[in-house]
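What follows is upload-v9.csv (CSV, C-alpha atoms and all ligand atoms).
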```csv
chain,number,residue,atom,x,y,z
N,1,MET,CA,-21.1,22.8,9.1
N,2,LYS,CA,-21.0,19.0,9.8
N,3,LYS,CA,-17.9,16.9,9.8
N,4,GLY,CA,-17.4,13.6,8.2
N,5,LEU,CA,-15.0,11.0,6.8
N,6,VAL,CA,-15.0,10.0,3.1
N,7,ALA,CA,-16.0,6.3,2.9
N,8,LYS,CA,-16.3,6.0,-0.8
N,9,SER,CA,-15.7,8.0,-3.9
N,10,THR,CA,-17.2,7.2,-7.3
N,11,GLY,CA,-16.1,10.3,-9.2
N,12,SER,CA,-18.6,13.1,-8.7
N,13,TRP,CA,-20.4,11.5,-5.7
N,14,TYR,CA,-18.9,10.8,-2.3
N,15,THR,CA,-20.3,8.7,0.5
N,16,ILE,CA,-19.5,10.5,3.8
N,17,ARG,CA,-19.7,9.0,7.2
N,18,ASP,CA,-20.8,11.7,9.6
N,19,GLU,CA,-19.8,11.9,13.3
N,20,ASP,CA,-22.9,10.0,14.4
N,21,GLY,CA,-22.0,7.1,12.1
N,22,ASN,CA,-24.6,7.9,9.4
N,23,TYR,CA,-23.7,7.6,5.7
N,24,LEU,CA,-24.7,10.4,3.4
N,25,GLU,CA,-24.3,11.0,-0.4
N,26,CYS,CA,-22.4,14.2,-1.0
N,27,ARG,CA,-21.1,16.3,-3.8
N,28,ILE,CA,-18.2,18.8,-3.8
N,29,ALA,CA,-19.2,22.5,-3.7
N,30,GLY,CA,-18.1,24.3,-6.9
N,31,LYS,CA,-15.6,26.6,-5.2
N,32,ILE,CA,-13.8,24.1,-2.9
N,33,ARG,CA,-10.1,24.6,-2.7
N,34,LEU,CA,-8.1,21.5,-3.3
N,35,ASP,CA,-4.4,21.4,-3.2
N,36,GLY,CA,-2.8,22.2,-6.5
N,37,ARG,CA,-1.5,18.7,-7.4
N,38,LYS,CA,-2.9,17.1,-10.5
N,39,THR,CA,-4.3,13.8,-9.3
N,40,THR,CA,-7.1,11.9,-10.9
N,41,ASN,CA,-9.1,12.1,-7.7
N,42,PRO,CA,-9.5,15.4,-5.7
N,43,LEU,CA,-11.1,13.7,-2.6
N,44,VAL,CA,-10.0,10.3,-1.5
N,45,VAL,CA,-11.2,7.7,1.0
N,46,GLY,CA,-9.9,8.6,4.4
N,47,ASP,CA,-10.2,12.4,3.9
N,48,TYR,CA,-11.9,14.4,6.6
N,49,VAL,CA,-14.3,17.0,5.2
N,50,GLU,CA,-16.8,19.6,6.3
N,51,PHE,CA,-20.2,19.6,4.6
N,52,GLU,CA,-23.7,21.0,4.9
N,53,LEU,CA,-27.0,19.4,4.0
N,54,GLN,CA,-29.1,21.1,1.3
N,55,GLU,CA,-32.4,19.4,0.6
N,56,GLY,CA,-31.1,16.0,1.6
N,57,VAL,CA,-27.9,16.2,-0.4
N,58,GLY,CA,-24.6,16.9,1.3
N,59,ILE,CA,-22.4,19.7,-0.1
N,60,ILE,CA,-18.7,19.4,0.8
N,61,HIS,CA,-17.1,22.8,1.4
N,62,LYS,CA,-13.8,21.9,3.0
N,63,ILE,CA,-11.2,19.2,3.2
N,64,GLN,CA,-8.9,19.0,6.2
N,65,GLU,CA,-5.2,18.7,5.6
N,66,ARG,CA,-4.1,15.1,5.1
N,67,LYS,CA,-1.9,13.5,7.9
N,68,ASN,CA,-0.5,11.1,5.3
N,69,TYR,CA,-1.5,9.3,2.1
N,70,ILE,CA,-0.4,6.5,-0.3
N,71,ILE,CA,0.2,8.0,-3.7
N,72,ARG,CA,1.1,6.2,-7.0
N,73,LYS,CA,1.9,6.9,-10.6
N,74,SER,CA,1.0,4.7,-13.4
N,75,ILE,CA,4.3,3.7,-15.1
N,76,ASN,CA,3.0,2.8,-18.5
N,77,LEU,CA,0.2,5.1,-19.6
N,78,SER,CA,-0.7,8.6,-18.6
N,79,LYS,CA,1.8,9.1,-15.7
N,80,GLN,CA,-1.1,10.5,-13.8
N,81,THR,CA,-0.9,10.3,-10.1
N,82,GLN,CA,-3.5,8.8,-7.9
N,83,ILE,CA,-3.9,8.9,-4.2
N,84,ILE,CA,-5.1,5.5,-3.0
N,85,ALA,CA,-6.2,6.6,0.5
N,86,SER,CA,-5.3,9.1,3.2
N,87,ASN,CA,-5.0,9.4,7.0
N,88,ILE,CA,-4.1,5.8,7.5
N,89,ASP,CA,-2.9,4.4,10.8
N,90,GLN,CA,-1.4,1.3,9.3
N,91,ALA,CA,-1.2,-0.3,5.9
N,92,PHE,CA,-1.3,-4.0,5.1
N,93,LEU,CA,0.4,-5.1,2.0
N,94,ILE,CA,-1.3,-8.3,0.9
N,95,ALA,CA,1.2,-10.4,-1.1
N,96,THR,CA,1.2,-13.9,-2.6
N,97,LEU,CA,4.0,-16.0,-3.9
N,98,VAL,CA,1.6,-17.7,-6.3
N,99,PHE,CA,-1.8,-17.1,-7.9
N,100,PRO,CA,-0.8,-14.3,-8.5
N,101,ARG,CA,2.9,-13.7,-7.8
N,102,THR,CA,4.0,-10.6,-6.0
N,103,SER,CA,7.6,-9.6,-6.7
N,104,THR,CA,9.9,-8.3,-4.1
N,105,GLY,CA,10.3,-5.3,-6.4
N,106,PHE,CA,6.7,-4.5,-5.9
N,107,ILE,CA,6.9,-5.1,-2.1
N,108,ASP,CA,9.9,-2.8,-1.8
N,109,ARG,CA,8.2,0.0,-3.8
N,110,PHE,CA,5.2,-0.2,-1.5
N,111,LEU,CA,7.4,-0.1,1.6
N,112,VAL,CA,9.3,3.0,0.3
N,113,THR,CA,6.0,4.8,-0.5
N,114,ALA,CA,4.8,4.1,3.0
N,115,GLU,CA,8.1,5.0,4.7
N,116,ALA,CA,8.0,8.3,3.0
N,117,TYR,CA,5.0,9.2,5.1
N,118,ARG,CA,6.0,7.1,8.1
N,119,ILE,CA,2.9,4.8,7.7
N,120,PRO,CA,3.6,1.5,9.5
N,121,VAL,CA,3.3,-1.4,7.1
N,122,SER,CA,2.6,-5.1,7.8
N,123,ILE,CA,3.3,-7.5,5.0
N,124,VAL,CA,0.7,-10.3,4.9
N,125,PHE,CA,1.7,-13.3,2.8
N,126,ASN,CA,-1.6,-14.9,2.0
N,127,LYS,CA,-2.7,-18.2,0.4
N,128,LYS,CA,-0.3,-20.2,2.4
N,129,ASP,CA,-2.5,-23.2,1.8
N,130,LEU,CA,-1.5,-23.2,-1.9
N,131,LEU,CA,2.3,-23.3,-1.4
N,132,ASP,CA,4.3,-26.5,-1.9
N,133,GLU,CA,7.3,-27.3,0.3
N,134,GLU,CA,9.8,-25.3,-1.7
N,135,GLN,CA,7.6,-22.3,-1.9
N,136,LEU,CA,7.0,-22.4,1.8
N,137,ILE,CA,10.8,-22.3,2.3
N,138,GLN,CA,11.0,-19.3,-0.1
N,139,GLN,CA,8.3,-17.5,1.8
N,140,GLN,CA,9.9,-18.2,5.2
N,141,GLU,CA,13.1,-16.6,3.8
N,142,LEU,CA,11.2,-13.5,2.7
N,143,LEU,CA,9.6,-13.3,6.1
N,144,LYS,CA,13.0,-13.4,7.8
N,145,ILE,CA,14.3,-10.7,5.6
N,146,TYR,CA,11.5,-8.3,6.2
N,147,GLN,CA,11.1,-9.0,9.8
N,148,SER,CA,14.8,-8.3,10.4
N,149,LEU,CA,14.1,-4.9,8.9
N,150,GLY,CA,11.4,-4.2,11.4
N,151,TYR,CA,8.3,-4.9,9.4
N,152,THR,CA,5.6,-7.0,11.0
N,153,CYS,CA,4.9,-10.0,8.7
N,154,PHE,CA,2.2,-12.6,8.6
N,155,SER,CA,2.1,-15.9,6.8
N,156,ILE,CA,-1.6,-16.8,6.6
N,157,SER,CA,-4.4,-18.3,4.7
N,158,ALA,CA,-7.8,-16.6,4.4
N,159,LYS,CA,-9.3,-20.0,5.2
N,160,ASN,CA,-7.7,-20.4,8.6
N,161,PRO,CA,-9.7,-18.8,11.5
N,162,ASP,CA,-6.7,-18.6,13.8
N,163,ASP,CA,-4.9,-16.5,11.2
N,164,ILE,CA,-7.9,-14.2,10.9
N,165,TYR,CA,-8.0,-13.8,14.6
N,166,SER,CA,-4.4,-12.6,14.7
N,167,LEU,CA,-5.1,-10.0,12.0
N,168,ARG,CA,-8.2,-8.7,14.0
N,169,GLN,CA,-6.0,-8.2,17.0
N,170,VAL,CA,-3.6,-5.8,15.3
N,171,MET,CA,-6.3,-4.0,13.3
N,172,LYS,CA,-8.5,-3.1,16.3
N,173,ASN,CA,-9.2,0.6,16.8
N,174,ASN,CA,-7.0,1.7,13.8
N,175,ILE,CA,-7.8,3.0,10.3
N,176,ASN,CA,-6.3,0.1,8.3
N,177,LEU,CA,-5.5,0.0,4.6
N,178,PHE,CA,-5.4,-3.2,2.5
N,179,SER,CA,-3.4,-3.0,-0.7
N,180,GLY,CA,-1.8,-5.3,-3.2
N,181,HIS,CA,-2.1,-6.8,-6.6
N,182,SER,CA,-5.5,-7.9,-7.9
N,183,GLY,CA,-6.4,-11.4,-6.8
N,184,VAL,CA,-4.2,-11.7,-3.7
N,185,GLY,CA,-7.3,-12.0,-1.5
N,186,LYS,CA,-7.9,-8.5,0.0
N,187,SER,CA,-11.7,-8.6,-0.2
N,188,THR,CA,-11.7,-12.3,0.8
N,189,LEU,CA,-9.7,-11.5,4.0
N,190,ILE,CA,-11.9,-8.5,4.8
N,191,ASN,CA,-15.0,-10.8,4.5
N,192,ALA,CA,-13.4,-13.2,6.9
N,193,ILE,CA,-12.4,-10.4,9.3
N,194,GLU,CA,-15.8,-8.8,9.3
N,195,PRO,CA,-18.3,-11.4,8.1
N,196,GLY,CA,-21.3,-9.1,7.7
N,197,LEU,CA,-19.7,-7.2,4.8
N,198,SER,CA,-20.1,-9.8,2.0
N,199,LEU,CA,-17.7,-8.0,-0.4
N,200,LYS,CA,-17.5,-9.3,-4.0
N,201,THR,CA,-14.5,-11.5,-4.6
N,202,GLY,CA,-13.2,-12.9,-7.9
N,203,GLU,CA,-11.6,-15.9,-9.4
N,204,ILE,CA,-8.0,-16.0,-10.5
N,205,SER,CA,-7.6,-16.4,-14.3
N,206,GLU,CA,-6.3,-19.9,-15.1
N,207,ALA,CA,-4.3,-18.7,-18.1
N,208,HIS,CA,-2.4,-15.9,-16.5
N,209,ALA,CA,-2.7,-16.7,-12.7
N,210,LYS,CA,-3.8,-13.2,-12.2
N,211,GLY,CA,-6.7,-11.5,-10.6
N,212,LYS,CA,-9.6,-9.9,-12.5
N,213,HIS,CA,-9.9,-6.5,-10.8
N,214,THR,CA,-13.0,-7.4,-9.0
N,215,THR,CA,-13.0,-4.5,-6.5
N,216,THR,CA,-13.3,-1.3,-8.6
N,217,PHE,CA,-13.5,1.4,-5.9
N,218,SER,CA,-11.8,2.0,-2.6
N,219,GLU,CA,-14.2,1.8,0.3
N,220,LEU,CA,-14.0,2.3,4.0
N,221,PHE,CA,-15.9,-0.1,6.3
N,222,GLU,CA,-16.4,0.0,10.0
N,223,LEU,CA,-15.1,-3.0,12.0
N,224,SER,CA,-17.5,-4.2,14.6
N,225,PHE,CA,-14.6,-4.8,17.1
N,226,GLY,CA,-13.4,-1.2,16.6
N,227,GLY,CA,-11.7,0.7,13.9
N,228,PHE,CA,-12.0,0.8,10.1
N,229,ILE,CA,-10.7,-1.1,7.1
N,230,ILE,CA,-10.2,0.3,3.6
N,231,ASP,CA,-10.6,-2.2,0.8
N,232,THR,CA,-8.9,-1.0,-2.5
N,233,PRO,CA,-8.8,-2.1,-6.1
N,234,GLY,CA,-5.8,-4.2,-7.0
N,235,ILE,CA,-2.8,-2.3,-8.3
N,236,LYS,CA,-0.6,-3.5,-11.2
N,237,GLU,CA,2.3,-1.2,-10.7
N,238,LEU,CA,3.5,1.3,-8.2
N,239,GLY,CA,5.3,4.2,-9.7
N,240,LEU,CA,6.9,6.4,-7.1
N,241,VAL,CA,5.9,10.1,-6.9
N,242,GLU,CA,7.3,13.2,-5.2
N,243,MET,CA,10.7,11.6,-4.4
N,244,GLN,CA,14.2,12.9,-4.9
N,245,LYS,CA,17.0,10.4,-5.7
N,246,GLU,CA,18.8,11.3,-2.5
N,247,GLU,CA,15.7,10.5,-0.4
N,248,ILE,CA,15.2,6.9,-1.6
N,249,GLY,CA,18.0,5.4,0.6
N,250,HIS,CA,16.4,6.9,3.7
N,251,TYR,CA,13.3,4.8,3.1
N,252,PHE,CA,15.3,1.5,3.1
N,253,PRO,CA,15.9,0.9,6.9
N,254,GLU,CA,19.1,-1.1,6.2
N,255,ILE,CA,20.6,1.6,3.9
N,256,ARG,CA,19.6,4.3,6.4
N,257,GLN,CA,21.6,2.3,8.9
N,258,TYR,CA,24.9,2.4,6.9
N,259,MET,CA,24.7,5.6,4.8
N,260,HIS,CA,26.2,7.9,7.4
N,261,ASP,CA,29.6,6.0,7.0
N,262,CYS,CA,29.8,6.7,3.3
N,263,ARG,CA,32.6,9.0,2.3
N,264,PHE,CA,30.4,11.5,0.5
N,265,ASN,CA,27.3,12.7,2.2
N,266,ASN,CA,25.4,12.9,-1.1
N,267,CYS,CA,26.4,9.3,-1.9
N,268,LEU,CA,23.7,7.5,-3.9
N,269,HIS,CA,25.4,4.1,-3.2
N,270,VAL,CA,25.9,3.2,-6.8
N,271,ASN,CA,29.6,3.3,-7.6
N,272,GLU,CA,31.0,6.1,-5.5
N,273,PRO,CA,34.3,5.4,-3.7
N,274,ARG,CA,34.2,4.3,-0.1
N,275,CYS,CA,30.5,3.6,0.0
N,276,ALA,CA,29.5,2.0,3.3
N,277,VAL,CA,26.3,0.7,1.8
N,278,ARG,CA,28.0,-1.2,-1.1
N,279,GLU,CA,30.5,-2.6,1.4
N,280,ALA,CA,27.6,-3.9,3.6
N,281,VAL,CA,26.1,-5.5,0.5
N,282,GLU,CA,29.4,-7.2,-0.3
N,283,GLN,CA,29.7,-8.4,3.2
N,284,GLY,CA,26.2,-9.8,3.2
N,285,LYS,CA,25.0,-7.4,5.8
N,286,ILE,CA,22.5,-6.0,3.4
N,287,ASN,CA,20.4,-8.4,1.3
N,288,SER,CA,21.5,-8.1,-2.3
N,289,ASN,CA,18.0,-8.4,-3.7
N,290,ARG,CA,16.9,-5.5,-1.6
N,291,TYR,CA,19.9,-3.5,-2.9
N,292,TYR,CA,19.1,-4.3,-6.5
N,293,ASN,CA,15.5,-3.2,-5.9
N,294,TYR,CA,16.9,0.0,-4.5
N,295,LEU,CA,19.0,0.5,-7.6
N,296,GLY,CA,15.9,-0.2,-9.7
N,297,ILE,CA,13.9,2.5,-7.9
N,298,LEU,CA,16.8,4.9,-8.2
N,299,ASN,CA,17.1,4.4,-11.9
N,300,GLY,CA,13.4,4.9,-12.2
N,301,GLU,CA,13.2,1.6,-14.0
N,302,GLU,CA,11.2,-1.5,-13.5
N,303,MET,CA,13.9,-4.1,-13.4
N,304,GLU,CA,13.2,-7.4,-15.1
N,305,TRP,CA,11.9,-9.2,-12.0
N,306,ASN,CA,9.8,-6.2,-11.0
N,307,LYS,CA,7.8,-6.2,-14.1
N,308,TRP,CA,4.1,-6.6,-13.7
N,309,GLU,CA,2.6,-6.9,-17.1
N,310,THR,CA,-0.9,-5.6,-17.8
N,311,ASP,CA,-3.6,-8.1,-18.3
F,1,LIG,N1,-6.6,-21.0,-1.7
F,1,LIG,C1,-6.8,-19.8,-1.2
F,1,LIG,N2,-7.5,-18.9,-2.0
F,1,LIG,C2,-7.7,-17.6,-1.6
F,1,LIG,C3,-7.1,-17.2,-0.3
F,1,LIG,N3,-7.5,-15.9,-0.2
F,1,LIG,C4,-8.2,-15.5,-1.3
F,1,LIG,N4,-8.3,-16.6,-2.1
F,1,LIG,C5,-9.0,-16.6,-3.4
F,1,LIG,O1,-8.4,-15.7,-4.3
F,1,LIG,C6,-9.4,-15.2,-5.2
F,1,LIG,C7,-9.3,-13.7,-5.3
F,1,LIG,O2,-9.7,-13.1,-4.1
F,1,LIG,P1,-10.2,-11.6,-3.9
F,1,LIG,O3,-10.5,-11.4,-2.5
F,1,LIG,O4,-11.3,-11.3,-4.9
F,1,LIG,O5,-8.9,-10.8,-4.3
F,1,LIG,P2,-8.7,-9.2,-4.2
F,1,LIG,O6,-7.3,-9.0,-3.7
F,1,LIG,O7,-9.8,-8.5,-3.5
F,1,LIG,O8,-8.7,-8.8,-5.8
F,1,LIG,P3,-9.2,-7.4,-6.5
F,1,LIG,O9,-10.5,-7.0,-5.9
F,1,LIG,O10,-9.3,-7.8,-7.9
F,1,LIG,O11,-8.1,-6.5,-6.3
F,1,LIG,C8,-10.7,-15.7,-4.8
F,1,LIG,O12,-11.1,-16.8,-5.6
F,1,LIG,C9,-10.5,-16.1,-3.3
F,1,LIG,O13,-11.3,-17.2,-2.9
F,1,LIG,C10,-6.4,-18.1,0.4
F,1,LIG,O14,-5.8,-17.8,1.5
F,1,LIG,N5,-6.2,-19.4,-0.1
F,2,MG,MG,-11.1,-7.1,-4.0
F,3,ZN,ZN,27.1,5.1,-0.2
```
Can you present the structure in this file as structure tokens?
Amino acid sequence: MKKGLVAKSTGSWYTIRDEDGNYLECRIAGKIRLDGRKTTNPLVVGDYVEFELQEGVGIIHKIQERKNYIIRKSINLSKQTQIIASNIDQAFLIATLVFPRTSTGFIDRFLVTAEAYRIPVSIVFNKKDLLDEEQLIQQQELLKIYQSLGYTCFSISAKNPDDIYSLRQVMKNNINLFSGHSGVGKSTLINAIEPGLSLKTGEISEAHAKGKHTTTFSELFELSFGGFIIDTPGIKELGLVEMQKEEIGHYFPEIRQYMHDCRFNNCLHVNEPRCAVREAVEQGKINSNRYYNYLGILNGEEMEWNKWETD
């Protein structure tokens, strides 16, 4: 049996990278055992599989247990869950203040999802070249907040070679995931990082200042300087999956820091008496926008400023 890594999945066919670096088209054997969860996609980019060749076609017999994954639920429609990618060393959340706008609600949901599997996240604020003075100040403030929580942040433009150089340095020899809304520049950045790839990129719609979902399948690419990068389709919304209410606070580093001083050990930090987290919010030790986003996640709601309307 040969071993390989899922580089692309288009439904019934999978592109597998074998251990020698060759790419092969494969299908799943009828009897493969996948975990019981109902996801739209049984095998995902980043999965390690075992397969055999039968007349030039690979047949996948086994999937190795996933070290981690990023999973989401569509909030509006079917509530089906989808695994975006697995076995990631680090995730890059590509965000933009304008064209399109990424809300902090979306950022915080992404961070929570990644924290749940201890996937390190860097936040990459892209399209710096499009910001006016006031927006630059806003962005600096966001950077300060997230850096103080321990997240690596970048403020970059895909057009600036020095910025691309700094991204290459941190990506080297890792399996890196790029995620974020449509149109934030994921594929553009990957093209700049690895110029040979020539990935398709799309315009931003003038009317809505939103992307047009140019990338339609996740795909893993080799980096010539070492490691891999996974480009993904833009996501509109990020419904959280497999999370208990009591867990959510653990995935906010600043709430985690104060929660042990709450009077009740099952405190959800909403309106319980002697809640150390609320106290920290009142004293300005916890950013109130982050706290509101926590409440939004806790209530399972998209709060007004979190809303990401469909195109
Ligand atoms: N001005 C400016 N434009 C950028 C920058 N980065 C990307 N763009 C533009 O933004 C548009 C969308 O870029 P894409 O790379 O297609 O975005 P994406 O995140 O891959 O979008 P999906 O594949 O739809 O998820 C393109 O017109 C890019 O040229 C940047 O730093 N500055
Ligand atoms: Mg793209
Ligand atoms: Zn509390």
Protein and nucleic residues near ligand ZN 3 (chain F), 7 Å, all atoms listed in the file, as a compact mmCIF listing (two decimals) with C-alpha atoms, in the coordinates of the input:
```
# COMPACT_ATOMS: atom_id res chain seq x y z
CA MET N 259 24.70 5.60 4.80
CA CYS N 262 29.80 6.70 3.30
CA CYS N 267 26.40 9.30 -1.90
CA LEU N 268 23.70 7.50 -3.90
CA HIS N 269 25.40 4.10 -3.20
CA VAL N 270 25.90 3.20 -6.80
CA GLU N 272 31.00 6.10 -5.50
CA CYS N 275 30.50 3.60 0.00
CA ALA N 276 29.50 2.00 3.30
CA VAL N 277 26.30 0.70 1.80
CA ARG N 278 28.00 -1.20 -1.10
```
#### Entry: Interatomic distance, CA of Pro161 in chain N to atom C10 of ligand LIG 1 (chain F) (Å, one decimal)
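Computing the Euclidean distance for CA of Pro161 in chain N and atom C10 of ligand LIG 1 (chain F) yields 11.6 Å.
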Between chain N and ligand LIG 1 (chain F), at 10 Å or less, what are the per-residue closest atom pairs and their distances in Å? Count only C-alpha atoms and all ligand atoms, order by chain and rising residue number, and return it as a Markdown table.
```
| residue | atom | partner | partner_atom | distance |
| --- | --- | --- | --- | --- |
| N:Ile94 | CA | F:LIG1 | O6 | 7.6 |
| N:Ala95 | CA | F:LIG1 | O6 | 9.0 |
| N:Thr96 | CA | F:LIG1 | O14 | 9.0 |
| N:Val98 | CA | F:LIG1 | N1 | 10.0 |
| N:Phe99 | CA | F:LIG1 | O1 | 7.6 |
| N:Pro100 | CA | F:LIG1 | O1 | 8.8 |
| N:Phe125 | CA | F:LIG1 | O14 | 8.8 |
| N:Asn126 | CA | F:LIG1 | O14 | 5.1 |
| N:Lys127 | CA | F:LIG1 | O14 | 3.3 |
| N:Lys128 | CA | F:LIG1 | O14 | 6.1 |
| N:Asp129 | CA | F:LIG1 | N5 | 5.6 |
| N:Leu130 | CA | F:LIG1 | N1 | 5.6 |
| N:Leu131 | CA | F:LIG1 | N1 | 9.2 |
| N:Ser155 | CA | F:LIG1 | O14 | 9.7 |
| N:Ile156 | CA | F:LIG1 | O14 | 6.7 |
| N:Ser157 | CA | F:LIG1 | O14 | 3.5 |
| N:Ala158 | CA | F:LIG1 | O14 | 3.7 |
| N:Lys159 | CA | F:LIG1 | O14 | 5.5 |
| N:Asn160 | CA | F:LIG1 | O14 | 7.8 |
| N:Asp163 | CA | F:LIG1 | O14 | 9.8 |
| N:Phe178 | CA | F:LIG1 | O6 | 8.7 |
| N:Ser179 | CA | F:LIG1 | O6 | 7.8 |
| N:Gly180 | CA | F:LIG1 | O6 | 6.6 |
| N:His181 | CA | F:LIG1 | O11 | 6.0 |
| N:Ser182 | CA | F:LIG1 | O11 | 3.4 |
| N:Gly183 | CA | F:LIG1 | O5 | 3.6 |
| N:Val184 | CA | F:LIG1 | O6 | 4.1 |
| N:Gly185 | CA | F:LIG1 | O3 | 3.4 |
| N:Lys186 | CA | F:LIG1 | O6 | 3.8 |
| N:Ser187 | CA | F:LIG1 | O7 | 3.8 |
| N:Thr188 | CA | F:LIG1 | O3 | 3.6 |
| N:Leu189 | CA | F:LIG1 | N3 | 6.5 |
| N:Ile190 | CA | F:LIG1 | O3 | 8.0 |
| N:Asn191 | CA | F:LIG1 | O3 | 8.3 |
| N:Ala192 | CA | F:LIG1 | N3 | 9.6 |
| N:Leu199 | CA | F:LIG1 | O3 | 8.2 |
| N:Lys200 | CA | F:LIG1 | O4 | 6.6 |
| N:Thr201 | CA | F:LIG1 | O4 | 3.2 |
| N:Gly202 | CA | F:LIG1 | O4 | 3.9 |
| N:Glu203 | CA | F:LIG1 | O12 | 3.9 |
| N:Ile204 | CA | F:LIG1 | C6 | 5.5 |
| N:Ser205 | CA | F:LIG1 | C6 | 9.4 |
| N:Lys210 | CA | F:LIG1 | O10 | 8.8 |
| N:Gly211 | CA | F:LIG1 | O10 | 5.3 |
| N:Lys212 | CA | F:LIG1 | O10 | 5.1 |
| N:His213 | CA | F:LIG1 | O10 | 3.2 |
| N:Thr214 | CA | F:LIG1 | O10 | 3.9 |
| N:Thr215 | CA | F:LIG1 | O9 | 3.6 |
| N:Thr216 | CA | F:LIG1 | O9 | 6.9 |
| N:Phe217 | CA | F:LIG1 | O9 | 8.9 |
| N:Ser218 | CA | F:LIG1 | O9 | 9.7 |
| N:Asp231 | CA | F:LIG1 | O7 | 7.7 |
| N:Thr232 | CA | F:LIG1 | O11 | 6.7 |
| N:Pro233 | CA | F:LIG1 | O11 | 4.5 |
| N:Gly234 | CA | F:LIG1 | O11 | 3.3 |
| N:Ile235 | CA | F:LIG1 | O11 | 7.1 |
| N:Lys236 | CA | F:LIG1 | O11 | 9.4 |
```
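Of the listed residues (N:Ile230, N:Ile28, N:Leu43, N:Leu240), N:Ile230 comes nearest to ligand MG 2 (chain F); the distances count only C-alpha atoms and all ligand atoms.
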- Query: Could you work out how far CA of Ile70 in chain N lies from CA of Tyr251 in chain N, giving the answer in Å with one decimal?
  - Reply: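 Computing it gives 14.2 Å between the two atoms.
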If you count all atoms listed in the file, the residue of N:Glu219, N:Asp162, N:Glu133, N:Glu50 closest to ligand MG 2 (chain F) turns out to be N:Glu219
Using only C-alpha atoms, the best pick from N:Ala280, N:Leu177, N:Val170, N:Leu24 as closest to Tyr69 in chain N would be N:Leu177
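With only C-alpha atoms as the atoms that count, the residue of N:Ala209, N:Leu143, N:Leu220, N:Ala85 with the shortest distance to Ile107 in chain N is N:Leu143.
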Of the residues N:Tyr292, N:Ile60, N:Ser198, N:Cys153, which is the one nearest to ligand MG 2 (chain F), using only C-alpha atoms and all ligand atoms?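 Residue with the minimum atom-to-atom distance to ligand MG 2 (chain F): N:Ser198.
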Pairwise distance, CA of Thr152 in chain N with CA of Phe92 in chain N, equals 9.6 Å
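Each of N:Gln64, N:Pro195, N:Ser103, N:Tyr23 was compared to Ile164 in chain N using all atoms listed in the file, and N:Pro195 turns out to be the nearest.
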Report the closest atom pair, with its distance in Å rounded to one decimal, for each residue of range 50-155 of chain N that has an atom no farther than 12 Å from range 13-20 of chain N; count all atoms listed in the file, sort by chain and then rising residue number, and write it as CSV.
```
residue,atom,partner,partner_atom,distance
N:Glu50,CA,N:Asp18,CA,9.4
N:Phe51,CA,N:Ile16,CA,9.2
N:Glu52,CA,N:Asp18,CA,10.8
N:Leu53,CA,N:Asp18,CA,11.4
N:Val57,CA,N:Trp13,CA,10.3
N:Gly58,CA,N:Ile16,CA,8.6
N:Ile59,CA,N:Tyr14,CA,9.8
N:Ile60,CA,N:Tyr14,CA,9.1
```
Which residues come within 8 Å of Pro120 in chain N, counting all atoms listed in the file, excluding same-chain residues fewer than 6 positions away, as number ranges by chain?
-> N: 89-91, 114, 151
Draw an axis-aligned box tight on the listed atoms of range 244-259 of chain N, then pad every side by 8 Å and write out centre and edge lengths in Å to one decimal as JSON.
```
{"center_x": 19.1, "center_y": 5.9, "center_z": 1.6, "size_x": 27.6, "size_y": 30.0, "size_z": 30.6}
```
